[in-house]
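Below is one structure, written out as structure tokens, with a few remarks after it.
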Amino acid sequence: MNTSSELKKQLELYLPRQTRAAEETVAVGDVLGRLLPMGSILALYGELGSGKTHLVKGIARALGIAPESVSSPTFTLVHEYTGPVGTLYHMDLYRLKHPEEFEAIGYEDYFYGPGITVIEWPERVEAYLPPHTLSLELTHCGEDCRLIRLKT
């Protein structure tokens, strides 16, 4: 199992990455999903359309989950996908209005569960993120171009 510092070193070697198509973003997610040990929490920062959900599709693919089954859980806050390699907890907090809503979903079960937890719009719950959370930033870098990098 990767320690936090070893994982961060691996990610620093791989990132930043530019992608120019959805499938390229999925491919970056696939690599990340193979690097992330179970129990990881990944916070994805980025504006609408920056490729966050496509990155999650790639992480799902790395866990043996069909990428096409992954959709943004905007109205349910969390989708849970189980594959042969592990479980993916996909949170989209875009519509979260109050921290109490986050508490009500039992976030601790996801944060300290056996799978990989990926959070879109984590800025809405930053006070709840554990210290071992890895943060990525996805930004537009031109027409059809996305930049994926570690957030510092």
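Ordering of the structure tokens sets the chain letters (A, B, ...), residue numbers begin anew at 1 in every chain, and ligands are numbered from 1 in the order given.
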
Please report as CSV every residue of region 19-105 of chain A lying within 8 Å of region 144-147 of chain A, along with the nearest atom pair and their distance in Å (one decimal), using only C-alpha atoms.
```
residue,atom,partner,partner_atom,distance
A:Thr19,CA,A:Arg146,CA,5.2
A:Arg20,CA,A:Cys145,CA,4.5
A:Ala21,CA,A:Asp144,CA,6.6
A:Ser50,CA,A:Arg146,CA,6.4
A:Gly51,CA,A:Arg146,CA,7.2
```

Please write the residues from the selection above to a file, keeping N, CA and C atoms, as a CSV table (one decimal), in the first residue's frame.
```csv
chain,number,residue,atom,x,y,z
A,19,THR,N,-5.2,17.6,-21.3
A,19,THR,CA,-6.0,16.7,-22.1
A,19,THR,C,-6.8,17.6,-23.1
A,20,ARG,N,-7.1,17.0,-24.3
A,20,ARG,CA,-7.8,17.7,-25.3
A,20,ARG,C,-9.1,17.0,-25.8
A,21,ALA,N,-9.4,15.9,-25.1
A,21,ALA,CA,-10.6,15.2,-25.4
A,21,ALA,C,-11.1,14.5,-24.1
A,50,SER,N,-15.0,21.4,-16.5
A,50,SER,CA,-13.6,21.3,-16.5
A,50,SER,C,-13.1,19.8,-16.6
A,51,GLY,N,-14.0,18.9,-16.6
A,51,GLY,CA,-13.6,17.5,-16.8
A,51,GLY,C,-13.6,16.6,-15.6
```

Practice prompt. Do a neighbour search on region 74-91 of chain A at 7 Å with only C-alpha atoms, toss out local chain neighbours closer than 3 positions, and write the hits as JSON, numbers by chain.
Written response: {"A": [60, 63, 64, 65, 94, 95, 110, 115, 116, 117, 118, 119, 120]}

Restrict the selected residues to N, CA and C atoms and save them as an mmCIF file, in the first residue's frame.
```
data_model
loop_
_atom_site.group_PDB
_atom_site.id
_atom_site.type_symbol
_atom_site.label_atom_id
_atom_site.label_comp_id
_atom_site.auth_asym_id
_atom_site.auth_seq_id
_atom_site.Cartn_x
_atom_site.Cartn_y
_atom_site.Cartn_z
ATOM 1 N N ALA A 60 -13.032 5.021 -12.145
ATOM 2 C CA ALA A 60 -13.941 3.865 -12.138
ATOM 3 C C ALA A 60 -13.396 2.746 -13.020
ATOM 4 N N LEU A 63 -10.908 0.642 -11.478
ATOM 5 C CA LEU A 63 -11.462 -0.257 -10.457
ATOM 6 C C LEU A 63 -12.326 -1.366 -11.067
ATOM 7 N N GLY A 64 -12.338 -1.439 -12.401
ATOM 8 C CA GLY A 64 -13.116 -2.472 -13.076
ATOM 9 C C GLY A 64 -14.584 -2.138 -13.220
ATOM 10 N N ILE A 65 -14.911 -0.856 -13.106
ATOM 11 C CA ILE A 65 -16.295 -0.374 -13.223
ATOM 12 C C ILE A 65 -16.453 0.249 -14.608
ATOM 13 N N TYR A 94 -22.212 20.051 -5.723
ATOM 14 C CA TYR A 94 -22.557 21.320 -6.364
ATOM 15 C C TYR A 94 -23.827 21.943 -5.785
ATOM 16 N N ARG A 95 -24.826 21.127 -5.533
ATOM 17 C CA ARG A 95 -26.105 21.639 -5.041
ATOM 18 C C ARG A 95 -26.233 21.633 -3.516
ATOM 19 N N TYR A 110 -18.037 7.109 4.145
ATOM 20 C CA TYR A 110 -17.320 7.159 2.863
ATOM 21 C C TYR A 110 -15.853 7.502 3.081
ATOM 22 N N GLY A 115 -13.328 1.998 0.247
ATOM 23 C CA GLY A 115 -13.165 2.350 -1.161
ATOM 24 C C GLY A 115 -12.372 3.618 -1.377
ATOM 25 N N ILE A 116 -12.470 4.121 -2.598
ATOM 26 C CA ILE A 116 -11.892 5.408 -2.969
ATOM 27 C C ILE A 116 -13.036 6.407 -3.033
ATOM 28 N N THR A 117 -12.883 7.535 -2.355
ATOM 29 C CA THR A 117 -13.896 8.585 -2.351
ATOM 30 C C THR A 117 -13.399 9.745 -3.202
ATOM 31 N N VAL A 118 -14.216 10.134 -4.184
ATOM 32 C CA VAL A 118 -13.888 11.271 -5.038
ATOM 33 C C VAL A 118 -14.980 12.311 -4.854
ATOM 34 N N ILE A 119 -14.562 13.558 -4.596
ATOM 35 C CA ILE A 119 -15.500 14.632 -4.290
ATOM 36 C C ILE A 119 -15.377 15.748 -5.313
ATOM 37 N N GLU A 120 -16.467 16.009 -6.010
ATOM 38 C CA GLU A 120 -16.547 17.188 -6.864
ATOM 39 C C GLU A 120 -17.136 18.327 -6.036
#
```

Worksheet entry | Residue list (strand (DSSP E), DSSP) for chain A, as a PyMOL selection string | chain A and resi 17-19+41-45+78-82+87-92+116-120+134-140+146-150

Practice prompt. Pick out each residue of region 57-96 of chain A that DSSP on the backbone tags as alpha helix (DSSP H); I need them as a VMD selection string.
Written response: chain A and resid 57 to 62

Worksheet entry | Selected residue, from A:Leu55, A:Ala43, A:Leu13, A:Val125, that lies nearest to Glu101 (chain A) when counting only C-alpha atoms |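 Answer, going by the shortest atom-to-atom distance: A:Val125.
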
Item to complete: Determine, counting only C-alpha atoms, which protein, DNA and RNA residues have an atom within 12 Å of an atom of Gly58 (chain A); residues of the same chain fewer than 5 positions away are not included. Present the result as a ChimeraX atom specification.
Response: /A:22-35,51-53,63-71,88,118

Would you mind listing what lies within 10 Å of region 3-11 of chain A as a PDB file with N, CA and C atoms, in the first residue's frame, with only C-alpha atoms counted and same-chain residues fewer than 6 positions away left out?
```pdb
ATOM      1  N   VAL A  31      -5.185   6.156 -14.879  1.00  0.00           N
ATOM      2  CA  VAL A  31      -3.854   6.082 -14.261  1.00  0.00           C
ATOM      3  C   VAL A  31      -3.946   6.429 -12.774  1.00  0.00           C
ATOM      4  N   LEU A  32      -4.673   7.500 -12.461  1.00  0.00           N
ATOM      5  CA  LEU A  32      -4.823   7.893 -11.059  1.00  0.00           C
ATOM      6  C   LEU A  32      -5.492   6.791 -10.244  1.00  0.00           C
ATOM      7  N   LEU A  35      -3.125   4.246  -9.182  1.00  0.00           N
ATOM      8  CA  LEU A  35      -2.170   4.709  -8.173  1.00  0.00           C
ATOM      9  C   LEU A  35      -2.790   4.833  -6.781  1.00  0.00           C
ATOM     10  N   LEU A  36      -4.074   5.175  -6.735  1.00  0.00           N
ATOM     11  CA  LEU A  36      -4.727   5.465  -5.456  1.00  0.00           C
ATOM     12  C   LEU A  36      -5.020   4.183  -4.681  1.00  0.00           C
ATOM     13  N   PRO A  37      -4.553   4.092  -3.453  1.00  0.00           N
ATOM     14  CA  PRO A  37      -4.909   2.921  -2.642  1.00  0.00           C
ATOM     15  C   PRO A  37      -6.337   3.060  -2.109  1.00  0.00           C
ATOM     16  N   SER A  40      -8.389   6.107  -0.091  1.00  0.00           N
ATOM     17  CA  SER A  40      -8.005   7.442  -0.554  1.00  0.00           C
ATOM     18  C   SER A  40      -9.221   8.349  -0.665  1.00  0.00           C
ATOM     19  N   HIS A 132      -5.405  13.659   5.066  1.00  0.00           N
ATOM     20  CA  HIS A 132      -4.823  12.829   4.004  1.00  0.00           C
ATOM     21  C   HIS A 132      -5.533  13.002   2.651  1.00  0.00           C
ATOM     22  N   THR A 133      -6.447  13.957   2.551  1.00  0.00           N
ATOM     23  CA  THR A 133      -7.144  14.207   1.289  1.00  0.00           C
ATOM     24  C   THR A 133      -6.161  14.718   0.239  1.00  0.00           C
ATOM     25  N   LEU A 134      -6.210  14.126  -0.943  1.00  0.00           N
ATOM     26  CA  LEU A 134      -5.432  14.609  -2.079  1.00  0.00           C
ATOM     27  C   LEU A 134      -6.327  15.554  -2.878  1.00  0.00           C
ATOM     28  N   ARG A 149      -3.867  19.149 -12.445  1.00  0.00           N
ATOM     29  CA  ARG A 149      -2.647  19.266 -11.632  1.00  0.00           C
ATOM     30  C   ARG A 149      -2.978  19.120 -10.158  1.00  0.00           C
ATOM     31  N   LEU A 150      -1.939  18.809  -9.402  1.00  0.00           N
ATOM     32  CA  LEU A 150      -2.092  18.768  -7.949  1.00  0.00           C
ATOM     33  C   LEU A 150      -2.371  20.178  -7.461  1.00  0.00           C
TER      34      LEU A 150
END
```

Worksheet entry | Using only C-alpha atoms: which of A:Tyr45, A:Phe111, A:Tyr14, A:Tyr128 has the shortest distance to Asp92 (chain A) |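 Between A:Tyr45, A:Phe111, A:Tyr14, A:Tyr128, the residue approaching Asp92 (chain A) most closely is A:Tyr45.
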
Worksheet item: Quick one: distance from CA of Leu42 (chain A) to CA of Pro131 (chain A) in Å, one decimal?
Response: 11.3 Å

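In this comparison, which uses only C-alpha atoms, the residue of A:Gly113, A:Gly39, A:Gly49, A:Pro16 approaching Lys151 (chain A) most closely is A:Pro16.
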
Discussion item. Ranking A:Ala104, A:Gly46, A:Lys57, A:Ile41 by minimum distance to Ile148 (chain A) and counting only C-alpha atoms, which one comes first?
Written reply: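 So, comparing all the options, the nearest one is A:Gly46.
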